[in-house]
Structure formats: structure tokens, C-alpha cells
Amino acid sequence: MTALQGTVIAAHGRHYLVQADGMKLQCVTRGKKSDVAVGDIVSLKRTSNDQGVIEAIGERRTLLYRSDQYKSKLLAANVTQLFIVVATEPAFSDDLVSRALIAAEAAGVAPHLILNKIDVEAELARSRERIALYGRLGYPIHEVSVLGAPEQARATLEPLLRQQSTILIGQSGMGKSSLINLLIPDADAATREISAALDSGKHTTTFTRLFALDADSSVIDSPGFQEFGLCHLSEGMLERAFREFAPYLGQCRFYNCHHLTEPGCAVLAATESGEIAPQRHALYRQLVHESSQTIY
Ligand SMILES: Nc1nc2c(ncn2[C@@H]2O[C@H](COP(=O)(O)OP(=O)(O)OP(=O)(O)O)[C@@H](O)[C@H]2O)c(=O)[nH]1
Ligand SMILES: [Mg+2]
Ligand SMILES: [Zn+2]
């Protein structure tokens with residue numbers, strides 16, 4: 001049948017929903033391949049009224065992914081921004097925030113932090129204190145209350161989304177889908193429609209989903225995560241993804257310094273003097289270790 005170009009707008013396991021020519025087609029890939037991501041531009045063959053087979057993936061501008069020791073999982077293709085959504089409650093994990101920042105840096109995607117639920121006053125001061133670390137590193141932080149002050153949240157976020165392809169990521173319960181519902185009036189209905197086709201329809205998001213805001217802006221909702229492996233990043237990529245290491249790289253006594261135990265290491269010296277936050281260096285150490293354990 002006819003060959004088409006389309007955008008992958010939802011992924012659930014090996015099933016994909018592709019928007020092509022004003023149609024939404026349920027697609028699979030040929031064979032066992034599952035290397036398609038939401039945001040991919042694909043060419044496909046239509047096999048029936050509402051079904052197709054993905055034949056090829058267009059060249060990607062960016063690719064975000066997670067990986068553990070054994071396998072990697074694609075998050076999204078062609079995004080330009082990553083919004084890390086955290087909340088005053090439930091409390092967020094610093095480890096996961098930093099891992100998401102590293103993934104964004106390595107993929108060449110601009111990260112922003114969104115602190116949601118600032119209406120929960122009892123937790124606000126503590127959350128601000130914790131998130132300030134990322135502000136000091138130069139990452140933009142935006143405070144919102146999607147439920148408490150929706151108009152203000154919209155006014156804060158809409159200008160940031162213009163002409164961008166943005167993915168929202170974060171732990172479960174932070175408010176990613178609430179944010180999507182604020183920005184996309186018919187998101188709920190669209191999600192239910194896909195839930196019916198791909199899944200059971202629970203409150204928690206179980207698949208990644210792209211929404212078009214206009215012709216050149218889109219926003220992607222994704223399921224909450226509890227782990228964020230970065231085993232695919234080499235040591236060289238890791239040292240560059242910690243942006244606060246930059247002034248010290250090339251200053252170590254040994255040109256091939258790992259910044260772990262070496263004498264005369266400028267990164268270790270900066271960590272000891274407090275210019276690099278100890279928890280960030282500890283994460284660097286952990287990520288180097290994890291990436292050395294990779295067996296694929
Ligand atoms: N107090 C308060 N609650 C909010 C706010 N925004 C969202 N919530 C609530 O937080 C809960 C989780 O919101 P979701 O939008 O489903 O969170 P999510 O990040 O999409 O979660 P997953 O899909 O599981 O990853 C819901 O009960 C929301 O009503 C807010 O600004 N203030
Ligand atoms: Mg959700
Ligand atoms: Zn060093």
C-alpha cells in the first residue's frame with residue numbers, strides 16, 4: 001500500500017501511534033526491532049485503515065535515553081528541551097534530578113527545572129533550599145502551582161514552550177500530566193482514547209505521549225520513573241556533562257585523570273574546597289562505576 005511520512009506520538013512497548021496525513025495509525029516495526037521513540041519522524045507503509053508498519057526512522061536531531069547494565073530505553077527523539085518536574089510533595093530525589101540533568105547535557109538538550117505544588121506551603125521552604133543547588137549550577141528554575149494558580153502557571157510556561165519540542169519527565173506524582181492538561185485542553189480525552197487502544201486507563205501515566213501545541217511546538221508527557229540509569233555514557237562524556245567540572249578539566253596533574261583518587265586532581269581539590277558540591281562528585285563517581293559495569 002502507500003508509503004507515508006509521520007511523527008510517532010505515542011509508544012507503549014512495541015506498539016506505536018503515528019500521526020500521518022491527519023490520521024492516527026497504530027503501527028509496529030518490522031521484526032523484533034524496538035528502536036523507535038516518540039518524536040521520531042518515520043516512513044511507514046499503511047497496511048489497513050488504521051494500521052501500518054514502520055519502515056525507516058528519519059535522522060534524529062537529539063535522542064534522550066536511559067540505560068541499565070543490560071539494555072537501554074529510548075525516552076524521546078528530536079526534543080530541544082527537557083523539563084524536569086519536581087514537587088514540594090511527594091519529596092523529590094536529588095539523585096534522579098541530577099541524573100536527568102546529566103542525560104540532558106549528554107544529549108544536547110536544554111534542561112529546565114519546574115517546581116510544582118508551591119501551594120503546599122509547609123514543604124515550600126525546604127524544597128526551595130534543595131532545588132537551589134541546581135540554580136547555582138546555572139539551570140533555570142520555574143515555580144508553579146498547576147492546581148492552585150493555573151493561570152499563573154500557564155503564563156510562566158507557555159512562553160518557554162514556543163518553537164520548542166519539550167519533554168516533561170519526573171517521578172510519579174509530581175504533576176506532569178496535570179501540567180499537560182493545563183496546557184492542552186483536550187489532552188485528557190486524547191489520553192483516554194489511547195489508553196483504550198494501548199492500555200487499561202489508570203490515573204498514572206503508563207506511556208509516553210506527544211501533543212502538538214501548534215505547528216512548531218510540541219510537548220511530551222512521560223511515565224514517572226524511579227530509576228535513571230546512564231550506563232551508556234562513557235567517562236569522557238560524564239566529565240563534560242557535569243557542567244561545574246568545566247573550569248577544572250585540563251588542570252589535573254595527569255592528562256588522563258579520572259577525577260576519582262588521583263593526586264593533583266583539580267576536580268577533587270574543588271570538591272574538597274566546596275566549589276563542587278560533594279553530592280554531585282559522589283554521583284559522578286557512581287556513574288563512572290555503573291558505566292564500567294555495562295555488558296552490552
Ligand atoms: N497541591 C497540588 N497538587 C497538585 C498540583 N498539581 C498536581 N497535583 C496533584 O498531584 C497528583 C499527581 O499529579 P499527576 O499530574 O498525575 O502526576 P504525574 O507526574 O503525571 O504522575 P505519573 O503519571 O504517575 O508519573 C494529582 O493528584 C494532582 O491532582 C498542584 O499544583 N498542587
Ligand atoms: Mg502522569
Ligand atoms: Zn582530575
# chains A, B, ... in the order shown; residues from 1 in each chain; ligands from 1
$ closest_atom_pairs --of "chain A" --to "ligand 1" --cutoff "9 Å" --atoms "only C-alpha atoms and all ligand atoms" --output "Markdown table"
| residue | atom | partner | partner_atom_place_in_ligand_line | distance |
| --- | --- | --- | --- | --- |
| A:Val85 | CA | ligand 1 | 19 (O) | 7.4 |
| A:Val86 | CA | ligand 1 | 19 (O) | 8.3 |
| A:Ala87 | CA | ligand 1 | 30 (C) | 8.1 |
| A:Thr88 | CA | ligand 1 | 32 (N) | 8.6 |
| A:Glu89 | CA | ligand 1 | 1 (N) | 8.0 |
| A:Pro90 | CA | ligand 1 | 10 (O) | 8.7 |
| A:Asn116 | CA | ligand 1 | 31 (O) | 5.5 |
| A:Lys117 | CA | ligand 1 | 31 (O) | 3.6 |
| A:Ile118 | CA | ligand 1 | 31 (O) | 6.5 |
| A:Asp119 | CA | ligand 1 | 32 (N) | 5.8 |
| A:Val120 | CA | ligand 1 | 1 (N) | 5.8 |
| A:Val144 | CA | ligand 1 | 31 (O) | 6.7 |
| A:Ser145 | CA | ligand 1 | 31 (O) | 3.5 |
| A:Val146 | CA | ligand 1 | 31 (O) | 3.8 |
| A:Leu147 | CA | ligand 1 | 31 (O) | 4.0 |
| A:Gly148 | CA | ligand 1 | 31 (O) | 5.3 |
| A:Ala149 | CA | ligand 1 | 31 (O) | 7.3 |
| A:Pro150 | CA | ligand 1 | 31 (O) | 7.9 |
| A:Ala153 | CA | ligand 1 | 31 (O) | 8.9 |
| A:Leu168 | CA | ligand 1 | 19 (O) | 8.7 |
| A:Ile169 | CA | ligand 1 | 19 (O) | 7.7 |
| A:Gly170 | CA | ligand 1 | 19 (O) | 6.3 |
| A:Gln171 | CA | ligand 1 | 25 (O) | 5.7 |
| A:Ser172 | CA | ligand 1 | 25 (O) | 3.4 |
| A:Gly173 | CA | ligand 1 | 17 (O) | 3.7 |
| A:Met174 | CA | ligand 1 | 19 (O) | 4.0 |
| A:Gly175 | CA | ligand 1 | 15 (O) | 3.2 |
| A:Lys176 | CA | ligand 1 | 19 (O) | 3.8 |
| A:Ser177 | CA | ligand 1 | 20 (O) | 3.7 |
| A:Ser178 | CA | ligand 1 | 15 (O) | 3.6 |
| A:Leu179 | CA | ligand 1 | 15 (O) | 6.4 |
| A:Ile180 | CA | ligand 1 | 15 (O) | 7.9 |
| A:Asn181 | CA | ligand 1 | 15 (O) | 8.2 |
| A:His203 | CA | ligand 1 | 16 (O) | 6.4 |
| A:Thr204 | CA | ligand 1 | 23 (O) | 3.9 |
| A:Thr205 | CA | ligand 1 | 23 (O) | 3.7 |
| A:Thr206 | CA | ligand 1 | 23 (O) | 6.9 |
| A:Phe207 | CA | ligand 1 | 23 (O) | 8.9 |
| A:Asp221 | CA | ligand 1 | 20 (O) | 7.6 |
| A:Ser222 | CA | ligand 1 | 25 (O) | 6.8 |
| A:Pro223 | CA | ligand 1 | 25 (O) | 4.4 |
| A:Gly224 | CA | ligand 1 | 25 (O) | 3.2 |
| A:Phe225 | CA | ligand 1 | 25 (O) | 6.9 |
$ residues_near_ligand --ligand "ligand 3" --cutoff "12 Å" --atoms "only C-alpha atoms and all ligand atoms" --output "ChimeraX atom specification"
/A:235-236,239,245-271,281,284-285
$ residues_around --residues "Asn78 in chain A" --least-positions-apart "2" --cutoff "7 Å" --atoms "only C-alpha atoms" --output "ChimeraX atom specification"
/A:39-40,60-63,76,80
$ closest_residue --among "A:Ser72, A:Thr208, A:Gln5, A:Gln26" --to "ligand 2" --atoms "only C-alpha atoms and all ligand atoms"
A:Thr208
$ closest_residue --among "A:Glu59, A:Glu105, A:Asp68, A:Glu244" --to "Val42 in chain A" --atoms "only C-alpha atoms"
A:Glu59
$ closest_residue --among "A:Glu151, A:Asp188, A:Glu158, A:Asp216" --to "ligand 2" --atoms "only C-alpha atoms and all ligand atoms"
A:Asp188
$ residues_around --residues "Gly135 in chain A" --least-positions-apart "2" --cutoff "12 Å" --atoms "only C-alpha atoms" --output "list in words"
Pro111, His112, Leu113, Ile114, Leu115, Arg128, Glu129, Arg130, Ile131, Ala132, Leu133, Leu137, Gly138, Tyr139, Pro140, Ile141, His142 and Glu244 of chain A
$ write_last_selection --atoms "all heavy atoms" --output "compact mmCIF listing (two decimals), in the first residue's frame"
# COMPACT_ATOMS: atom_id res chain seq x y z
N PRO A 111 18.04 21.64 29.70
CA PRO A 111 17.17 21.29 30.83
C PRO A 111 16.65 22.51 31.61
O PRO A 111 17.35 23.50 31.75
CB PRO A 111 18.10 20.46 31.73
CG PRO A 111 19.49 20.81 31.35
CD PRO A 111 19.47 21.57 30.07
N HIS A 112 15.42 22.40 32.07
CA HIS A 112 14.82 23.37 32.98
C HIS A 112 14.25 22.59 34.16
O HIS A 112 13.80 21.47 33.98
CB HIS A 112 13.64 24.10 32.32
CG HIS A 112 14.02 25.04 31.24
ND1 HIS A 112 13.85 26.39 31.34
CD2 HIS A 112 14.55 24.83 30.01
CE1 HIS A 112 14.26 26.99 30.23
NE2 HIS A 112 14.69 26.05 29.39
N LEU A 113 14.22 23.22 35.34
CA LEU A 113 13.55 22.59 36.47
C LEU A 113 12.23 23.30 36.73
O LEU A 113 12.18 24.53 36.75
CB LEU A 113 14.42 22.67 37.72
CG LEU A 113 15.55 21.64 37.69
CD1 LEU A 113 16.88 22.32 37.56
CD2 LEU A 113 15.50 20.76 38.91
N ILE A 114 11.18 22.50 36.91
CA ILE A 114 9.87 23.05 37.24
C ILE A 114 9.54 22.58 38.65
O ILE A 114 9.40 21.38 38.89
CB ILE A 114 8.77 22.52 36.27
CG1 ILE A 114 9.22 22.63 34.80
CG2 ILE A 114 7.45 23.24 36.52
CD1 ILE A 114 9.39 24.01 34.26
N LEU A 115 9.43 23.54 39.59
CA LEU A 115 8.99 23.19 40.94
C LEU A 115 7.49 23.41 41.01
O LEU A 115 7.01 24.55 40.99
CB LEU A 115 9.72 24.03 42.00
CG LEU A 115 9.25 23.82 43.45
CD1 LEU A 115 9.45 22.37 43.91
CD2 LEU A 115 9.96 24.78 44.40
N ARG A 128 12.63 24.65 48.14
CA ARG A 128 13.42 25.73 47.52
C ARG A 128 14.88 25.60 47.86
O ARG A 128 15.76 25.80 47.01
CB ARG A 128 12.91 27.08 48.00
CG ARG A 128 11.69 27.54 47.24
CD ARG A 128 11.30 28.94 47.69
NE ARG A 128 10.20 29.44 46.87
CZ ARG A 128 9.25 30.25 47.32
NH1 ARG A 128 9.26 30.66 48.57
NH2 ARG A 128 8.31 30.67 46.50
N GLU A 129 15.14 25.28 49.11
CA GLU A 129 16.52 25.13 49.57
C GLU A 129 17.22 24.00 48.80
O GLU A 129 18.35 24.15 48.37
CB GLU A 129 16.47 24.76 51.05
CG GLU A 129 17.55 25.32 51.91
CD GLU A 129 17.15 25.11 53.36
OE1 GLU A 129 16.35 25.91 53.90
OE2 GLU A 129 17.61 24.09 53.92
N ARG A 130 16.48 22.91 48.61
CA ARG A 130 17.10 21.75 47.94
C ARG A 130 17.31 22.02 46.45
O ARG A 130 18.32 21.61 45.88
CB ARG A 130 16.21 20.51 48.12
CG ARG A 130 16.20 20.04 49.58
CD ARG A 130 15.39 18.77 49.72
NE ARG A 130 15.93 17.72 48.89
CZ ARG A 130 15.20 16.74 48.36
NH1 ARG A 130 13.91 16.70 48.56
NH2 ARG A 130 15.77 15.82 47.63
N ILE A 131 16.38 22.71 45.84
CA ILE A 131 16.47 22.92 44.40
C ILE A 131 17.48 24.02 44.05
O ILE A 131 17.97 24.11 42.92
CB ILE A 131 15.06 23.24 43.82
CG1 ILE A 131 14.98 22.80 42.37
CG2 ILE A 131 14.69 24.69 43.98
CD1 ILE A 131 13.59 22.91 41.78
N ALA A 132 17.82 24.85 45.05
CA ALA A 132 18.73 25.98 44.81
C ALA A 132 20.09 25.51 44.29
O ALA A 132 20.76 26.22 43.54
CB ALA A 132 18.90 26.79 46.09
N LEU A 133 20.49 24.31 44.68
CA LEU A 133 21.76 23.75 44.19
C LEU A 133 21.83 23.80 42.66
O LEU A 133 22.85 24.15 42.08
CB LEU A 133 21.90 22.30 44.68
CG LEU A 133 22.92 21.39 43.99
CD1 LEU A 133 24.35 21.88 44.24
CD2 LEU A 133 22.79 19.95 44.48
N LEU A 137 24.09 26.06 39.75
CA LEU A 137 24.81 25.48 38.60
C LEU A 137 24.41 26.17 37.30
O LEU A 137 24.97 25.87 36.24
CB LEU A 137 24.52 23.98 38.49
CG LEU A 137 25.03 23.11 39.63
CD1 LEU A 137 24.56 21.66 39.46
CD2 LEU A 137 26.55 23.17 39.72
N GLY A 138 23.41 27.04 37.37
CA GLY A 138 23.02 27.80 36.18
C GLY A 138 21.78 27.26 35.47
O GLY A 138 21.42 27.76 34.41
N TYR A 139 21.15 26.25 36.04
CA TYR A 139 19.93 25.72 35.40
C TYR A 139 18.74 26.58 35.79
O TYR A 139 18.58 26.90 36.96
CB TYR A 139 19.70 24.26 35.81
CG TYR A 139 20.78 23.33 35.33
CD1 TYR A 139 21.69 22.76 36.22
CD2 TYR A 139 20.91 23.04 33.97
CE1 TYR A 139 22.70 21.92 35.77
CE2 TYR A 139 21.92 22.20 33.52
CZ TYR A 139 22.80 21.64 34.42
OH TYR A 139 23.80 20.82 33.98
N PRO A 140 17.89 26.95 34.81
CA PRO A 140 16.72 27.75 35.13
C PRO A 140 15.70 26.97 35.96
O PRO A 140 15.47 25.77 35.71
CB PRO A 140 16.12 28.11 33.77
CG PRO A 140 16.93 27.43 32.74
CD PRO A 140 18.03 26.66 33.37
N ILE A 141 15.12 27.65 36.95
CA ILE A 141 14.09 27.05 37.81
C ILE A 141 12.82 27.88 37.69
O ILE A 141 12.89 29.10 37.75
CB ILE A 141 14.55 27.04 39.29
CG1 ILE A 141 15.83 26.22 39.44
CG2 ILE A 141 13.44 26.50 40.20
CD1 ILE A 141 16.47 26.33 40.82
N HIS A 142 11.69 27.20 37.50
CA HIS A 142 10.41 27.90 37.38
C HIS A 142 9.47 27.33 38.43
O HIS A 142 9.29 26.12 38.51
CB HIS A 142 9.82 27.72 35.99
CG HIS A 142 10.82 27.94 34.89
ND1 HIS A 142 11.18 29.18 34.44
CD2 HIS A 142 11.59 27.06 34.19
CE1 HIS A 142 12.10 29.07 33.49
NE2 HIS A 142 12.37 27.78 33.33
N GLU A 244 29.77 21.96 36.12
CA GLU A 244 30.63 22.68 37.07
C GLU A 244 32.07 22.14 37.08
O GLU A 244 32.96 22.74 37.68
CB GLU A 244 30.03 22.64 38.48
CG GLU A 244 30.03 21.28 39.17
CD GLU A 244 28.79 20.44 38.87
OE1 GLU A 244 28.39 20.35 37.68
OE2 GLU A 244 28.25 19.84 39.83
$ closest_residue --among "A:Ala187, A:Gln19, A:Ala212, A:Ala125" --to "ligand 2" --atoms "only C-alpha atoms and all ligand atoms"
A:Ala187
$ closest_residue --among "A:Ala56, A:Arg209, A:Arg46, A:Thr156" --to "ligand 2" --atoms "only C-alpha atoms and all ligand atoms"
A:Arg209
$ select_by_dssp --residues "range 76-242 of chain A" --states "strand (DSSP E)" --output "VMD selection string"
chain A and resid 76 to 77 81 to 87 110 to 116 141 to 143 165 to 169 208 to 214 217 to 221
$ closest_residue --among "A:Lys71, A:Gly58, A:Ser218, A:Asp21" --to "Leu161 in chain A" --atoms "only C-alpha atoms"
A:Ser218
